Structures are given as structure tokens and as C-alpha cells.
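Notes for the one structure printed next.
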Amino acid sequence: MLGTIRYENKYKTFKSKLRRKKTSILITRPTTGFNYVESFKKLRTRIDYNMRKNDSKVLMVTSAAEDEGKSTVSVNIALAMRKKYEKVLLIDADMKKSAVHKILEIDRKRYSTLSDVLDGKREFDEAVIKDEASGLYLLLARNCGGRSTELVISKRMKELLAKAKEEMDVVIIDTPPMGVSPDSECIAEIADAAVLVVRQDMTRCNFGWWFPYR
């Protein structure tokens with residue numbers, strides 16, 4: 001177990017609670033709680049130590065089920081890594097239910113996406129953008145229906161990650177939940193390391209499902 005992320009309320013003000021307006025929980029925001037920020041610093045340190053020990057650059061983040069905070073964890077790990085490394089790339093590989101653009105409040109319609117690169121419509125350097133607010137390099141995603149698995153197992157995906165490892169210090173990949181899509185298992189074969197996000201007292205473990213993969 002790498003760490004525990006404490007609960008953080010998405011409603012930061014009384015007015016936002018009345019309006020039911022949630023705020024993305026980012027460690028770079030001054031309203032985010034101290035303990036929450038510190039938990040990601042500790043998590044970053046442990047992940048970074050293990051990755052450097054194994055000469056790894058590509059980390060995938062997934063979860064067992066939906067709504068476990070996987071994408072929020074992915075973004076905050078990337079933000080924590082950015083405090084140490086100059087070039088951190090965050091790839092949204094959840095092409096069924098992408099969320100990175102929402103968390104960082106970016107209009108993805110203005111940019112090329114991962115599926116554009118994997119389809120050969122755009123080159124890697126054309127699709128990657130730098131978010132000036134966070135300092136992160138981003139490769140966003142859009143819904144591509146049932147084609148996502150076909151795209152992540154393609155030769156272009158391996159080429160994309162090879163190029164990313166050459167140009168970036170760290171690469172974080174936000175992948176779909178393992179219980180929802182096989183995409184994460186496909187990406188696990190080409191990633192260097194993985195983090196599994198599990199929501200406490202919420203996620204059920206069917207041992208018959210897990211044993212074959214141990």
C-alpha cells in the first residue's frame with residue numbers, strides 16, 4: 001500500500017454547497033486542505049522512489065470500479081511530480097469516460113486528442129499541449145465508443161509511449177477502471193508501473209475475479 005488519501009470536501013464554500021457547485025480538488029489550489037496536499041507529497045515520494053529504483057518513467061493509474069477518484073488521483077500525482085520534474089506528461093487514456101479536461105477546466109474541443117494520434121490523424125508533438133496554469137504537458141481524450149481497446153493495443157500506442165519516454169521526465173496515464181474496460185490491462189503490458197486506486201469501504205473484491213491475475 002503506497003498511501004491513504006484523506007477525504008476532502010468538494011464544496012469549498014457555503015454558497016457553493018447551496019448551489020451544489022463542486023470544485024475540482026487540486027493540490028495546487030490554496031483552498032485545498034493541508035492534510036490532503038501532504039498525503040499526495042508522501043505518495044509522490046514513494047512512487048518516485050520505486051520508479052527511479054527500477055529506471056521507470058511510465059506510470060498508469062487505474063481503479064477497480066467507477067467513481068473511486070481515479071482521475072483526481074492521476075491529476076494530483078502529476079501535479080506533485082511537476083514540483084520535482086520539469087517535463088511531466090499526463091495522458092488521458094480513458095476514452096470511454098474522460099475526466100482530466102474537466103478536472104483541469106480545459107476545453108478539449110480546442111485540441112487534438114489521444115485517439116487522433118492513435119488513428120494517425122495527428123502526430124504526437126501536434127497533439128500534446130502545455131497547460132500554463134499547472135505546467136503539465138497534456139494529451140487529452142474524447143469518447144471513441146467501442147474502438148478504445150483496438151486503439152490502445154495498436155502499434156501506434158507503443159510508439160507514442162516510446163516517444164513520450166524520450167521527451168518527458170515522467171509520464172502518467174489515467175486509464176479506465178479495470179472492472180469496466182479491458183483497456184487498463186492492455187496498457188499495463190506496456191507501462192512501467194501501476195497504481196490501483198481503491199475507495200475505502202466501497203469497493204467489493206470478487207476473489208474469483210482477482211485470483212487469475214495474481
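All residue names refer to the C-alpha cells as shown: chains lettered A, B, ... in order, residues numbered from 1 in each chain, ligands numbered from 1 in order.
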Within 8 Å of Ala80 of chain A, counting only C-alpha atoms, which residues show up once you throw out same-chain ones fewer than 3 positions away? Write them as a compact mmCIF listing (two decimals) with C-alpha atoms, in the first residue's frame, please.
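For reference, out_31.txt as written:
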# COMPACT_ATOMS: atom_id res chain seq x y z
CA ILE A 27 -3.19 20.22 -4.52
CA PHE A 40 -0.02 13.45 -2.17
CA LYS A 41 3.50 14.63 -1.39
CA ARG A 44 4.71 11.14 -4.85
CA ASN A 76 -2.74 15.26 -8.41
CA ILE A 77 0.08 12.74 -8.78
CA LYS A 83 7.02 20.13 -8.36
CA LYS A 84 10.10 17.94 -8.82
>> Using DSSP secondary structure from the backbone, list all strand (DSSP E or B) positions within chain A, as number ranges by chain.
In response: A: 58-63, 88-92, 129-130, 137-139, 170-174, 193-197
>> Residues of segment 44-113 of chain A classed as helix (DSSP H, G or I) by DSSP on the backbone are to be reported as number ranges by chain.
In response: A: 44-53, 70-82, 100-103, 108-110
Store the residues picked out above in a file with C-alpha atoms, as a short mmCIF file (atom, residue, chain, number, x, y, z; two decimals), in the first residue's frame.
data_model
loop_
_atom_site.label_atom_id
_atom_site.label_comp_id
_atom_site.auth_asym_id
_atom_site.auth_seq_id
_atom_site.Cartn_x
_atom_site.Cartn_y
_atom_site.Cartn_z
CA ARG A 44 4.71 11.14 -4.85
CA THR A 45 7.84 10.40 -2.85
CA ARG A 46 7.06 6.68 -2.61
CA ILE A 47 6.09 6.37 -6.27
CA ASP A 48 9.14 8.33 -7.41
CA TYR A 49 11.49 6.23 -5.28
CA ASN A 50 10.16 2.96 -6.68
CA MET A 51 10.16 4.24 -10.26
CA ARG A 52 13.74 5.56 -10.09
CA LYS A 53 14.88 2.33 -8.44
CA LYS A 70 -9.04 7.67 -10.06
CA SER A 71 -8.79 10.68 -12.35
CA THR A 72 -8.46 13.12 -9.45
CA VAL A 73 -5.61 10.99 -8.10
CA SER A 74 -3.99 10.86 -11.56
CA VAL A 75 -4.06 14.64 -11.93
CA ASN A 76 -2.74 15.26 -8.41
CA ILE A 77 0.08 12.74 -8.78
CA ALA A 78 1.05 14.57 -11.98
CA LEU A 79 0.89 17.95 -10.19
CA ALA A 80 3.02 16.59 -7.35
CA MET A 81 5.56 15.22 -9.83
CA ARG A 82 5.63 18.60 -11.55
CA VAL A 100 -8.91 15.07 -16.97
CA HIS A 101 -10.10 18.05 -19.04
CA LYS A 102 -12.97 18.62 -16.57
CA ILE A 103 -10.71 18.47 -13.52
CA ARG A 108 -10.78 19.79 -25.06
CA LYS A 109 -12.72 20.76 -28.20
CA ARG A 110 -9.93 23.19 -29.00
#
Would you tabulate, counting only C-alpha atoms, all residues of segment 50-101 of chain A that have an atom at most 10 Å from an atom of segment 181-185 of chain A, showing the closest pair of atoms and their distance in Å to one decimal, sorted by chain then ascending number, as a Markdown table?
| residue | atom | partner | partner_atom | distance |
| --- | --- | --- | --- | --- |
| A:Met60 | CA | A:Ser184 | CA | 8.3 |
| A:Val61 | CA | A:Ser184 | CA | 8.7 |
| A:Thr62 | CA | A:Ser184 | CA | 6.9 |
| A:Ser63 | CA | A:Ser184 | CA | 9.1 |
| A:Ala65 | CA | A:Ser181 | CA | 9.7 |
| A:Ala93 | CA | A:Asp183 | CA | 8.5 |
| A:Asp94 | CA | A:Asp183 | CA | 8.3 |
| A:Met95 | CA | A:Asp183 | CA | 9.2 |
| A:Lys96 | CA | A:Ser181 | CA | 8.6 |
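If you count only C-alpha atoms and ignore residues fewer than 2 places along the chain from Glu159 of chain A, what sits within 12 Å of it is A:Val117, A:Leu118, A:Gly120, A:Glu123, A:Phe124, A:Val152, A:Ile153, A:Ser154, A:Lys155, A:Arg156, A:Met157, A:Leu161, A:Ala162, A:Lys163, A:Ala164, A:Lys165, A:Glu166, A:Ile190.
Atom CA of Val180 of chain A sits 21.9 Å away from atom CA of Leu139 of chain A.
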> How many Å separate atom CA of Tyr111 of chain A from atom CA of Leu59 of chain A?
Replying inline: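 Rounded to one decimal, the two atoms are 23.5 Å apart.
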> Using only C-alpha atoms, which of the listed residues (A:Asp131, A:Asp119, A:Glu126, A:Asp92) sits closest to Glu105 of chain A?
Replying inline: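 Between A:Asp131, A:Asp119, A:Glu126, A:Asp92, the residue approaching Glu105 of chain A most closely is A:Asp131.
Using only C-alpha atoms, the protein and nucleic acid residues lying no more than 10 Å from Ile129 of chain A, apart from those fewer than 6 places from it along its own chain, are A:Leu89, A:Tyr111, A:Ser112, A:Thr113, A:Leu136, A:Tyr137, A:Leu138, A:Leu139, A:Leu140.
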Limited to all heavy atoms, could you put the picked residues into a file as a PDB file, in the first residue's frame?
ATOM      1  N   LEU A  89       4.198  14.587 -18.344  1.00  0.00           N
ATOM      2  CA  LEU A  89       3.104  14.403 -19.300  1.00  0.00           C
ATOM      3  C   LEU A  89       1.983  13.600 -18.667  1.00  0.00           C
ATOM      4  O   LEU A  89       2.211  12.518 -18.118  1.00  0.00           O
ATOM      5  CB  LEU A  89       3.603  13.678 -20.551  1.00  0.00           C
ATOM      6  CG  LEU A  89       2.542  13.258 -21.582  1.00  0.00           C
ATOM      7  CD1 LEU A  89       1.830  14.474 -22.169  1.00  0.00           C
ATOM      8  CD2 LEU A  89       3.156  12.408 -22.692  1.00  0.00           C
ATOM      9  N   TYR A 111      -8.517  21.191 -28.910  1.00  0.00           N
ATOM     10  CA  TYR A 111      -7.255  20.484 -29.084  1.00  0.00           C
ATOM     11  C   TYR A 111      -7.450  19.099 -29.694  1.00  0.00           C
ATOM     12  O   TYR A 111      -8.525  18.515 -29.633  1.00  0.00           O
ATOM     13  CB  TYR A 111      -6.553  20.341 -27.734  1.00  0.00           C
ATOM     14  CG  TYR A 111      -6.338  21.653 -27.024  1.00  0.00           C
ATOM     15  CD1 TYR A 111      -7.155  22.033 -25.952  1.00  0.00           C
ATOM     16  CD2 TYR A 111      -5.352  22.532 -27.443  1.00  0.00           C
ATOM     17  CE1 TYR A 111      -6.962  23.243 -25.305  1.00  0.00           C
ATOM     18  CE2 TYR A 111      -5.160  23.748 -26.805  1.00  0.00           C
ATOM     19  CZ  TYR A 111      -5.962  24.104 -25.735  1.00  0.00           C
ATOM     20  OH  TYR A 111      -5.783  25.311 -25.108  1.00  0.00           O
ATOM     21  N   SER A 112      -6.355  18.578 -30.255  1.00  0.00           N
ATOM     22  CA  SER A 112      -6.337  17.199 -30.737  1.00  0.00           C
ATOM     23  C   SER A 112      -6.270  16.268 -29.526  1.00  0.00           C
ATOM     24  O   SER A 112      -5.869  16.689 -28.428  1.00  0.00           O
ATOM     25  CB  SER A 112      -5.133  16.968 -31.642  1.00  0.00           C
ATOM     26  OG  SER A 112      -5.171  17.825 -32.756  1.00  0.00           O
ATOM     27  N   THR A 113      -6.639  15.018 -29.718  1.00  0.00           N
ATOM     28  CA  THR A 113      -6.718  14.083 -28.598  1.00  0.00           C
ATOM     29  C   THR A 113      -5.920  12.813 -28.862  1.00  0.00           C
ATOM     30  O   THR A 113      -5.360  12.614 -29.939  1.00  0.00           O
ATOM     31  CB  THR A 113      -8.184  13.700 -28.328  1.00  0.00           C
ATOM     32  OG1 THR A 113      -8.733  13.096 -29.511  1.00  0.00           O
ATOM     33  CG2 THR A 113      -9.010  14.916 -27.952  1.00  0.00           C
ATOM     34  N   LEU A 136       1.749  21.367 -16.595  1.00  0.00           N
ATOM     35  CA  LEU A 136       1.734  19.991 -17.093  1.00  0.00           C
ATOM     36  C   LEU A 136       1.631  19.951 -18.614  1.00  0.00           C
ATOM     37  O   LEU A 136       0.985  20.805 -19.222  1.00  0.00           O
ATOM     38  CB  LEU A 136       0.548  19.225 -16.506  1.00  0.00           C
ATOM     39  CG  LEU A 136       0.521  18.978 -14.998  1.00  0.00           C
ATOM     40  CD1 LEU A 136      -0.797  18.323 -14.606  1.00  0.00           C
ATOM     41  CD2 LEU A 136       1.699  18.114 -14.567  1.00  0.00           C
ATOM     42  N   TYR A 137       2.245  18.945 -19.204  1.00  0.00           N
ATOM     43  CA  TYR A 137       2.006  18.628 -20.607  1.00  0.00           C
ATOM     44  C   TYR A 137       0.839  17.637 -20.632  1.00  0.00           C
ATOM     45  O   TYR A 137       0.799  16.707 -19.820  1.00  0.00           O
ATOM     46  CB  TYR A 137       3.248  18.006 -21.249  1.00  0.00           C
ATOM     47  CG  TYR A 137       4.366  18.998 -21.437  1.00  0.00           C
ATOM     48  CD1 TYR A 137       5.280  19.247 -20.419  1.00  0.00           C
ATOM     49  CD2 TYR A 137       4.505  19.702 -22.639  1.00  0.00           C
ATOM     50  CE1 TYR A 137       6.308  20.176 -20.584  1.00  0.00           C
ATOM     51  CE2 TYR A 137       5.532  20.629 -22.810  1.00  0.00           C
ATOM     52  CZ  TYR A 137       6.424  20.854 -21.778  1.00  0.00           C
ATOM     53  OH  TYR A 137       7.430  21.764 -21.953  1.00  0.00           O
ATOM     54  N   LEU A 138      -0.098  17.850 -21.547  1.00  0.00           N
ATOM     55  CA  LEU A 138      -1.327  17.057 -21.566  1.00  0.00           C
ATOM     56  C   LEU A 138      -1.600  16.454 -22.928  1.00  0.00           C
ATOM     57  O   LEU A 138      -1.360  17.092 -23.961  1.00  0.00           O
ATOM     58  CB  LEU A 138      -2.519  17.926 -21.168  1.00  0.00           C
ATOM     59  CG  LEU A 138      -2.463  18.648 -19.827  1.00  0.00           C
ATOM     60  CD1 LEU A 138      -3.637  19.614 -19.705  1.00  0.00           C
ATOM     61  CD2 LEU A 138      -2.461  17.657 -18.665  1.00  0.00           C
ATOM     62  N   LEU A 139      -2.119  15.235 -22.905  1.00  0.00           N
ATOM     63  CA  LEU A 139      -2.678  14.608 -24.102  1.00  0.00           C
ATOM     64  C   LEU A 139      -4.076  14.166 -23.696  1.00  0.00           C
ATOM     65  O   LEU A 139      -4.245  13.180 -22.970  1.00  0.00           O
ATOM     66  CB  LEU A 139      -1.827  13.417 -24.559  1.00  0.00           C
ATOM     67  CG  LEU A 139      -2.268  12.704 -25.841  1.00  0.00           C
ATOM     68  CD1 LEU A 139      -2.486  13.697 -26.984  1.00  0.00           C
ATOM     69  CD2 LEU A 139      -1.245  11.657 -26.253  1.00  0.00           C
ATOM     70  N   LEU A 140      -5.063  14.924 -24.115  1.00  0.00           N
ATOM     71  CA  LEU A 140      -6.438  14.715 -23.668  1.00  0.00           C
ATOM     72  C   LEU A 140      -7.127  13.602 -24.442  1.00  0.00           C
ATOM     73  O   LEU A 140      -6.547  13.011 -25.354  1.00  0.00           O
ATOM     74  CB  LEU A 140      -7.212  16.030 -23.800  1.00  0.00           C
ATOM     75  CG  LEU A 140      -6.612  17.220 -23.033  1.00  0.00           C
ATOM     76  CD1 LEU A 140      -7.389  18.498 -23.328  1.00  0.00           C
ATOM     77  CD2 LEU A 140      -6.576  16.944 -21.536  1.00  0.00           C
TER      78      LEU A 140
END
> Can you tell me, as JSON, numbers by chain, what residues are no more than 7 Å from Val170 of chain A when counting only C-alpha atoms, ignoring any on the same chain fewer than 2 positions away?
Replying inline: {"A": [57, 58, 87, 88, 89, 168, 172]}
